[in-house]
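Q: Quick one, data-v2.pdb (PDB, C-alpha atoms, pLDDT in the B column):
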```
ATOM      1  CA  LEU A   1      21.551  75.745  78.962  1.00 75.00           C
ATOM      2  CA  LEU A   2      20.220  74.642  82.349  1.00 78.00           C
ATOM      3  CA  SER A   3      18.575  71.490  81.003  1.00 79.00           C
ATOM      4  CA  ARG A   4      21.733  70.624  79.048  1.00 84.00           C
ATOM      5  CA  LEU A   5      24.317  71.039  81.819  1.00 88.00           C
ATOM      6  CA  PRO A   6      24.967  67.266  82.069  1.00 89.00           C
ATOM      7  CA  GLU A   7      25.423  67.140  78.296  1.00 91.00           C
ATOM      8  CA  VAL A   8      27.849  70.068  78.318  1.00 91.00           C
ATOM      9  CA  GLN A   9      29.722  68.540  81.257  1.00 93.00           C
ATOM     10  CA  ASP A  10      30.205  65.381  79.193  1.00 94.00           C
ATOM     11  CA  LEU A  11      31.423  67.433  76.236  1.00 92.00           C
ATOM     12  CA  VAL A  12      33.968  69.223  78.431  1.00 93.00           C
ATOM     13  CA  ASP A  13      35.104  65.977  80.062  1.00 93.00           C
ATOM     14  CA  THR A  14      35.569  64.349  76.659  1.00 92.00           C
ATOM     15  CA  ASN A  15      37.486  67.167  74.959  1.00 89.00           C
ATOM     16  CA  CYS A  16      39.251  68.817  77.932  1.00 90.00           C
ATOM     17  CA  PRO A  17      39.381  72.333  76.440  1.00 91.00           C
ATOM     18  CA  SER A  18      41.611  74.972  77.993  1.00 90.00           C
ATOM     19  CA  VAL A  19      38.871  77.549  77.438  1.00 93.00           C
ATOM     20  CA  CYS A  20      35.199  76.887  76.732  1.00 94.00           C
ATOM     21  CA  ALA A  21      32.643  79.557  75.799  1.00 95.00           C
ATOM     22  CA  LEU A  22      28.928  78.857  76.039  1.00 94.00           C
ATOM     23  CA  VAL A  23      26.523  81.403  74.607  1.00 94.00           C
ATOM     24  CA  GLU A  24      22.765  81.949  74.689  1.00 92.00           C
ATOM     25  CA  THR A  25      22.776  80.294  78.105  1.00 92.00           C
ATOM     26  CA  GLY A  26      19.779  81.889  79.795  1.00 90.00           C
ATOM     27  CA  ASP A  27      20.158  82.932  83.420  1.00 86.00           C
ATOM     28  CA  ILE A  28      22.127  80.109  85.006  1.00 84.00           C
ATOM     29  CA  SER A  29      23.865  82.174  87.699  1.00 77.00           C
ATOM     30  CA  SER A  30      22.010  80.420  90.525  1.00 75.00           C
ATOM     31  CA  SER A  31      22.612  76.958  89.059  1.00 77.00           C
ATOM     32  CA  LEU A  32      26.406  76.966  88.764  1.00 74.00           C
ATOM     33  CA  SER A  33      27.106  75.012  91.924  1.00 71.00           C
ATOM     34  CA  GLY A  34      30.417  73.353  92.604  1.00 74.00           C
ATOM     35  CA  GLN A  35      29.286  70.089  91.027  1.00 83.00           C
ATOM     36  CA  TRP A  36      29.501  71.543  87.518  1.00 90.00           C
ATOM     37  CA  PHE A  37      32.783  71.874  85.621  1.00 93.00           C
ATOM     38  CA  PRO A  38      35.277  70.920  88.342  1.00 93.00           C
ATOM     39  CA  GLY A  39      38.787  72.006  87.448  1.00 94.00           C
ATOM     40  CA  TYR A  40      37.543  75.172  85.733  1.00 95.00           C
ATOM     41  CA  HIS A  41      37.071  78.782  86.733  1.00 94.00           C
ATOM     42  CA  ARG A  42      33.599  79.956  85.671  1.00 94.00           C
ATOM     43  CA  PHE A  43      32.588  83.422  84.512  1.00 94.00           C
ATOM     44  CA  PHE A  44      29.001  84.303  83.666  1.00 94.00           C
ATOM     45  CA  THR A  45      27.443  87.468  82.325  1.00 94.00           C
ATOM     46  CA  PRO A  46      23.671  87.762  81.815  1.00 92.00           C
ATOM     47  CA  GLY A  47      21.932  88.464  78.555  1.00 93.00           C
ATOM     48  CA  SER A  48      19.687  91.267  77.403  1.00 90.00           C
ATOM     49  CA  ASN A  49      16.754  88.837  77.197  1.00 86.00           C
ATOM     50  CA  SER A  50      15.743  85.506  78.719  1.00 85.00           C
ATOM     51  CA  HIS A  51      17.721  83.553  76.116  1.00 85.00           C
ATOM     52  CA  GLY A  52      20.957  85.524  76.287  1.00 92.00           C
ATOM     53  CA  GLY A  53      23.989  85.177  78.474  1.00 94.00           C
ATOM     54  CA  VAL A  54      27.591  84.022  78.144  1.00 96.00           C
ATOM     55  CA  LEU A  55      29.480  81.516  80.290  1.00 95.00           C
ATOM     56  CA  VAL A  56      33.256  81.112  79.943  1.00 96.00           C
ATOM     57  CA  LEU A  57      35.195  78.250  81.513  1.00 95.00           C
ATOM     58  CA  VAL A  58      38.962  78.563  81.991  1.00 95.00           C
ATOM     59  CA  HIS A  59      40.980  75.539  83.055  1.00 94.00           C
ATOM     60  CA  ASN A  60      42.628  75.880  86.447  1.00 94.00           C
ATOM     61  CA  SER A  61      46.060  75.382  84.865  1.00 92.00           C
ATOM     62  CA  ILE A  62      45.697  78.575  82.800  1.00 92.00           C
ATOM     63  CA  THR A  63      46.769  81.967  84.120  1.00 93.00           C
ATOM     64  CA  TYR A  64      44.222  84.624  83.159  1.00 94.00           C
ATOM     65  CA  ALA A  65      42.652  87.956  84.055  1.00 96.00           C
ATOM     66  CA  VAL A  66      39.180  89.325  83.388  1.00 96.00           C
ATOM     67  CA  LYS A  67      39.621  92.292  81.062  1.00 96.00           C
ATOM     68  CA  TYR A  68      36.033  93.407  80.478  1.00 97.00           C
ATOM     69  CA  SER A  69      32.450  92.274  80.943  1.00 97.00           C
ATOM     70  CA  GLU A  70      29.075  93.566  79.830  1.00 97.00           C
ATOM     71  CA  VAL A  71      25.722  92.066  78.902  1.00 96.00           C
ATOM     72  CA  ASN A  72      26.322  89.141  76.515  1.00 97.00           C
ATOM     73  CA  LEU A  73      30.102  89.638  76.389  1.00 98.00           C
ATOM     74  CA  ILE A  74      33.141  88.573  78.422  1.00 98.00           C
ATOM     75  CA  ALA A  75      36.784  89.378  77.610  1.00 98.00           C
ATOM     76  CA  LEU A  76      39.758  87.673  79.269  1.00 97.00           C
ATOM     77  CA  THR A  77      43.511  87.986  78.859  1.00 96.00           C
ATOM     78  CA  ILE A  78      45.917  85.044  78.980  1.00 94.00           C
ATOM     79  CA  PRO A  79      49.696  85.628  79.171  1.00 91.00           C
ATOM     80  CA  LEU A  80      51.721  83.845  76.500  1.00 86.00           C
ATOM     81  CA  GLY A  81      55.247  84.661  77.547  1.00 82.00           C
ATOM     82  CA  LEU A  82      56.251  87.743  75.552  1.00 84.00           C
ATOM     83  CA  CYS A  83      52.686  88.696  74.629  1.00 88.00           C
ATOM     84  CA  THR A  84      49.114  88.428  75.890  1.00 92.00           C
ATOM     85  CA  LEU A  85      46.178  86.714  74.223  1.00 93.00           C
ATOM     86  CA  SER A  86      42.769  88.388  74.356  1.00 95.00           C
ATOM     87  CA  VAL A  87      39.848  85.945  74.456  1.00 96.00           C
ATOM     88  CA  ILE A  88      36.468  87.564  73.743  1.00 97.00           C
ATOM     89  CA  ALA A  89      33.237  85.565  73.976  1.00 97.00           C
ATOM     90  CA  CYS A  90      30.101  87.234  72.634  1.00 97.00           C
ATOM     91  CA  TYR A  91      26.439  86.521  71.970  1.00 96.00           C
ATOM     92  CA  SER A  92      24.599  89.034  69.811  1.00 96.00           C
ATOM     93  CA  PRO A  93      20.825  88.411  69.633  1.00 94.00           C
ATOM     94  CA  PRO A  94      19.248  88.805  66.190  1.00 91.00           C
ATOM     95  CA  ASP A  95      16.999  91.640  67.400  1.00 90.00           C
ATOM     96  CA  SER A  96      19.928  93.716  68.683  1.00 92.00           C
ATOM     97  CA  THR A  97      22.826  95.528  67.056  1.00 93.00           C
ATOM     98  CA  LEU A  98      26.340  94.151  67.093  1.00 96.00           C
ATOM     99  CA  PRO A  99      28.447  95.658  69.927  1.00 96.00           C
ATOM    100  CA  THR A 100      30.768  97.274  67.412  1.00 96.00           C
ATOM    101  CA  ASP A 101      32.162  99.970  69.717  1.00 96.00           C
ATOM    102  CA  THR A 102      33.000  97.422  72.407  1.00 97.00           C
ATOM    103  CA  LEU A 103      34.579  95.041  69.918  1.00 97.00           C
ATOM    104  CA  LYS A 104      36.732  97.755  68.364  1.00 95.00           C
ATOM    105  CA  PHE A 105      37.838  98.823  71.850  1.00 96.00           C
ATOM    106  CA  LEU A 106      38.829  95.272  72.772  1.00 97.00           C
ATOM    107  CA  LEU A 107      40.465  94.462  69.432  1.00 96.00           C
ATOM    108  CA  ASP A 108      43.623  96.394  70.247  1.00 90.00           C
ATOM    109  CA  GLY A 109      46.088  94.654  67.949  1.00 91.00           C
ATOM    110  CA  SER A 110      47.233  92.010  70.422  1.00 90.00           C
ATOM    111  CA  PRO A 111      46.855  88.290  69.621  1.00 92.00           C
ATOM    112  CA  THR A 112      43.111  87.755  69.698  1.00 94.00           C
ATOM    113  CA  LEU A 113      40.524  85.018  69.783  1.00 94.00           C
ATOM    114  CA  LEU A 114      36.978  86.295  69.223  1.00 96.00           C
ATOM    115  CA  LEU A 115      34.274  83.661  69.377  1.00 94.00           C
ATOM    116  CA  GLY A 116      30.537  83.424  69.697  1.00 94.00           C
ATOM    117  CA  ASP A 117      27.162  83.525  68.007  1.00 95.00           C
ATOM    118  CA  PHE A 118      26.902  86.844  66.195  1.00 95.00           C
ATOM    119  CA  ASN A 119      23.839  86.018  64.067  1.00 94.00           C
ATOM    120  CA  ALA A 120      25.932  87.514  61.278  1.00 96.00           C
ATOM    121  CA  LYS A 121      25.765  85.883  57.859  1.00 95.00           C
ATOM    122  CA  SER A 122      28.271  86.222  55.047  1.00 96.00           C
ATOM    123  CA  ILE A 123      29.242  84.123  52.086  1.00 95.00           C
ATOM    124  CA  ASP A 124      32.831  84.844  53.173  1.00 94.00           C
ATOM    125  CA  TRP A 125      32.386  82.340  56.002  1.00 94.00           C
ATOM    126  CA  ASN A 126      30.303  79.819  54.099  1.00 92.00           C
ATOM    127  CA  CYS A 127      26.775  81.137  54.693  1.00 93.00           C
ATOM    128  CA  THR A 128      24.211  80.950  51.922  1.00 93.00           C
ATOM    129  CA  HIS A 129      23.805  84.740  51.788  1.00 95.00           C
ATOM    130  CA  ASN A 130      24.873  88.017  53.380  1.00 96.00           C
ATOM    131  CA  ASN A 131      22.883  90.030  55.905  1.00 96.00           C
ATOM    132  CA  ALA A 132      23.430  93.499  57.352  1.00 96.00           C
ATOM    133  CA  ARG A 133      25.050  92.131  60.510  1.00 96.00           C
ATOM    134  CA  GLY A 134      27.398  90.056  58.412  1.00 96.00           C
ATOM    135  CA  ARG A 135      28.524  93.109  56.492  1.00 97.00           C
ATOM    136  CA  VAL A 136      29.144  95.025  59.741  1.00 97.00           C
ATOM    137  CA  LEU A 137      31.148  92.157  61.218  1.00 97.00           C
ATOM    138  CA  GLN A 138      33.082  91.690  57.985  1.00 97.00           C
ATOM    139  CA  ASN A 139      34.090  95.356  58.096  1.00 97.00           C
ATOM    140  CA  ILE A 140      35.400  94.912  61.659  1.00 97.00           C
ATOM    141  CA  ILE A 141      37.297  91.785  60.633  1.00 97.00           C
ATOM    142  CA  GLU A 142      38.941  93.575  57.720  1.00 96.00           C
ATOM    143  CA  GLU A 143      39.663  96.742  59.706  1.00 96.00           C
ATOM    144  CA  CYS A 144      41.332  94.773  62.516  1.00 95.00           C
ATOM    145  CA  GLU A 145      43.086  92.345  60.134  1.00 95.00           C
ATOM    146  CA  LEU A 146      41.428  89.261  61.595  1.00 96.00           C
ATOM    147  CA  HIS A 147      40.629  85.881  60.078  1.00 95.00           C
ATOM    148  CA  VAL A 148      37.542  83.673  60.293  1.00 95.00           C
ATOM    149  CA  GLY A 149      38.005  79.971  60.872  1.00 92.00           C
ATOM    150  CA  PHE A 150      36.505  78.134  57.902  1.00 88.00           C
ATOM    151  CA  VAL A 151      34.121  75.244  58.505  1.00 88.00           C
ATOM    152  CA  ASP A 152      32.655  73.095  55.763  1.00 84.00           C
ATOM    153  CA  ARG A 153      29.178  72.663  57.204  1.00 89.00           C
ATOM    154  CA  PRO A 154      26.569  74.736  59.046  1.00 86.00           C
ATOM    155  CA  THR A 155      26.853  75.355  62.771  1.00 90.00           C
ATOM    156  CA  SER A 156      23.090  75.860  63.005  1.00 85.00           C
ATOM    157  CA  LYS A 157      20.794  72.842  62.852  1.00 88.00           C
ATOM    158  CA  ARG A 158      17.885  75.025  61.730  1.00 86.00           C
ATOM    159  CA  SER A 159      19.527  76.506  58.648  1.00 88.00           C
ATOM    160  CA  LYS A 160      22.426  76.068  56.251  1.00 88.00           C
ATOM    161  CA  ASN A 161      24.370  78.955  57.773  1.00 88.00           C
ATOM    162  CA  VAL A 162      27.512  79.375  59.848  1.00 91.00           C
ATOM    163  CA  ILE A 163      26.660  81.859  62.611  1.00 89.00           C
ATOM    164  CA  ASP A 164      28.894  80.473  65.381  1.00 93.00           C
ATOM    165  CA  LEU A 165      32.299  81.870  64.530  1.00 95.00           C
ATOM    166  CA  ILE A 166      35.927  81.527  65.593  1.00 94.00           C
ATOM    167  CA  ILE A 167      37.788  84.699  64.601  1.00 96.00           C
ATOM    168  CA  THR A 168      41.517  85.058  65.223  1.00 94.00           C
ATOM    169  CA  SER A 169      44.436  87.371  64.584  1.00 92.00           C
ATOM    170  CA  PHE A 170      46.363  84.753  62.602  1.00 86.00           C
ATOM    171  CA  PRO A 171      45.457  83.210  59.228  1.00 85.00           C
ATOM    172  CA  SER A 172      43.927  79.782  58.628  1.00 78.00           C
ATOM    173  CA  PRO A 173      42.769  78.923  62.153  1.00 81.00           C
ATOM    174  CA  GLU A 174      42.113  75.203  62.622  1.00 83.00           C
ATOM    175  CA  VAL A 175      38.388  74.883  63.344  1.00 89.00           C
ATOM    176  CA  SER A 176      35.995  71.931  63.269  1.00 89.00           C
ATOM    177  CA  VAL A 177      32.287  71.381  63.934  1.00 91.00           C
ATOM    178  CA  LEU A 178      31.437  68.547  66.316  1.00 90.00           C
ATOM    179  CA  SER A 179      28.397  66.325  65.761  1.00 89.00           C
ATOM    180  CA  TYR A 180      27.278  66.313  69.368  1.00 87.00           C
ATOM    181  CA  GLY A 181      24.399  67.367  71.557  1.00 84.00           C
ATOM    182  CA  THR A 182      20.730  68.281  71.503  1.00 85.00           C
ATOM    183  CA  SER A 183      21.167  72.038  71.120  1.00 88.00           C
ATOM    184  CA  ASP A 184      19.962  73.670  67.909  1.00 85.00           C
ATOM    185  CA  HIS A 185      23.610  74.562  67.215  1.00 86.00           C
ATOM    186  CA  TRP A 186      26.636  72.297  66.887  1.00 90.00           C
ATOM    187  CA  PRO A 187      29.710  72.772  69.094  1.00 92.00           C
ATOM    188  CA  VAL A 188      32.725  74.345  67.388  1.00 92.00           C
ATOM    189  CA  LEU A 189      36.281  73.307  68.308  1.00 91.00           C
ATOM    190  CA  PHE A 190      39.353  75.480  67.778  1.00 89.00           C
ATOM    191  CA  THR A 191      42.907  74.159  68.153  1.00 84.00           C
ATOM    192  CA  SER A 192      45.211  76.981  69.147  1.00 78.00           C
ATOM    193  CA  PRO A 193      48.747  77.642  67.851  1.00 74.00           C
ATOM    194  CA  TRP A 194      49.468  79.529  71.078  1.00 67.00           C
ATOM    195  CA  PHE A 195      50.960  77.720  74.036  1.00 58.00           C
ATOM    196  CA  THR A 196      51.003  78.200  77.780  1.00 52.00           C
ATOM    197  CA  SER A 197      52.055  75.724  80.438  1.00 45.00           C
ATOM    198  CA  SER A 198      49.397  73.294  79.205  1.00 44.00           C
ATOM    199  CA  SER A 199      48.000  72.253  75.860  1.00 41.00           C
ATOM    200  CA  PHE A 200      45.650  74.862  74.492  1.00 46.00           C
ATOM    201  CA  SER A 201      42.292  74.390  72.805  1.00 49.00           C
ATOM    202  CA  PHE A 202      39.044  76.303  72.763  1.00 49.00           C
ATOM    203  CA  LYS A 203      35.459  75.245  72.417  1.00 48.00           C
ATOM    204  CA  GLU A 204      32.404  77.338  71.653  1.00 52.00           C
ATOM    205  CA  VAL A 205      29.071  75.697  72.318  1.00 52.00           C
ATOM    206  CA  ARG A 206      25.435  76.539  72.975  1.00 52.00           C
TER     207      ARG A 206
END
```
Would you encode the structure as structure tokens?
A:
Amino acid sequence: LLSRLPEVQDLVDTNCPSVCALVETGDISSSLSGQWFPGYHRFFTPGSNSHGGVLVLVHNSITYAVKYSEVNLIALTIPLGLCTLSVIACYSPPDSTLPTDTLKFLLDGSPTLLLGDFNAKSIDWNCTHNNARGRVLQNIIEECELHVGFVDRPTSKRSKNVIDLIITSFPSPEVSVLSYGTSDHWPVLFTSPWFTSSSFSFKEVR
């Protein structure tokens, strides 16, 4: 991510998301000076390898709390009046196992937005084939009664698969893939039906 910080800054400035999750960042902890992403709180957790890591940006107008953090995963809560939204950003490297125990712990039945690169493939979310990780994630989705945002084209530039997912607790989430950037994955934009004191949108990029 380090070499693409100006590009990501432009993406954030253009779309003004309430929450932005960046995955597979590498170790950028020493590079997040005040010049980057003004107007946003920044939360970083390192990865299990040199390519991993998750960075979450939360707009200053949004009330939030950090719920949980571990390698390659950050969970926040955002109050929505009578309920609380859980926002979980995750990167799961292809040579690791999905953090199923952590995800099941965090998916507690409250309104939820789970987003990230899971390297999980399933024809249920418009991949060309299923893999073992996709079947595991699909089981979690069904068990927790979640819904995957459908996109009509790949999120990966190197394949015809959708591995960057927006998963929510309500049906038919509005998700789109943006043709932007030099990363090997396209940014994914989610427009939220939930409201706080400001307009609410989410972006997941690499």
Q: Got a sec to resolve the PyMOL selection byres ((chain A and resi 28-44) around 8) on this structure and send the residues as a list in words?
A: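 When the PyMOL selection byres ((chain A and resi 28-44) around 8) is applied to the shown file, the picked residues are Leu1, Leu2, Leu5, Gln9, Val12, Thr25, Gly26, Asp27, Thr45, Pro46, Gly53, Val54, Leu55, Val56, Leu57, Val58, His59, Asn60 and Ile74 of chain A.
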Q: Between CA of Val8 in chain A and CA of Ser176 in chain A, measure the distance and give it in Å to one decimal.
A: 17.2 Å
Q: Output as lines of an AutoDock Vina configuration file the centre and edge lengths (Å, one decimal) of the box along x, y and z of the file that holds every listed atom of range 102-116 of chain A after adding 3 Å on each side.
A:
```
center_x = 38.9
center_y = 91.1
center_z = 70.4
size_x = 22.7
size_y = 21.4
size_z = 10.8
```
Q: Once you count all atoms listed in the file, what closest atom pair and distance in Å to one decimal does each residue of range 149-191 of chain A within 12 Å of range 79-97 of chain A have, with rows by chain and rising residue number, as a tab-separated table?
A:
```
residue	atom	partner	partner_atom	distance
A:Ile163	CA	A:Ser92	CA	10.4
A:Asp164	CA	A:Tyr91	CA	9.3
A:Leu165	CA	A:Cys90	CA	10.0
A:Ile166	CA	A:Ala89	CA	9.7
A:Ile167	CA	A:Ile88	CA	9.7
A:Thr168	CA	A:Val87	CA	9.4
A:Ser169	CA	A:Leu85	CA	9.8
A:Phe170	CA	A:Leu85	CA	11.8
```
Q: Can you list, as an MDAnalysis selection string, the residues that the PyMOL selection byres ((chain A and resi 189) around 6) selects here?
A: chainID A and resid 175:176 188 190 203
Q: Could you work out how far CA of Ile78 in chain A lies from CA of Tyr64 in chain A, giving the answer in Å with one decimal?
A: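 That distance, rounded to one decimal, is 4.5 Å.
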Q: Using all atoms listed in the file, can you tell me which of A:Val71, A:Leu115, A:Ile141, A:Leu146 comes closest to Ser50 in chain A?
A: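 Looking at the shortest contact to Ser50 in chain A, the residue is A:Val71.
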Q: Distance CA of Thr77 in chain A-CA of Ser192 in chain A, one decimal place?
A: 14.8 Å
Q: Do you know which residues are at most 12 Å from Asn139 in chain A counting only C-alpha atoms, after dropping those on the same chain fewer than 2 positions away, and could you put them as a list in words?
A: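 The filter keeps Leu98, Thr100, Leu103, Lys104, Ala120, Ser122, Asp124, Ala132, Arg133, Gly134, Arg135, Val136, Leu137, Ile141, Glu142, Glu143, Cys144, Glu145, Leu146 and His147 of chain A.
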Q: Counting all atoms listed in the file, which of A:Leu73, A:Leu11, A:Leu22, A:Glu174 gets nearest to Thr102 in chain A?
A: A:Leu73
Q: In terms of the shortest atom-to-atom distance over all atoms listed in the file, which of A:Val177, A:Val23, A:Cys127, A:Ala75 is closest to Val151 in chain A?
A: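 That would be A:Val177, the residue with the smallest distance to Val151 in chain A.
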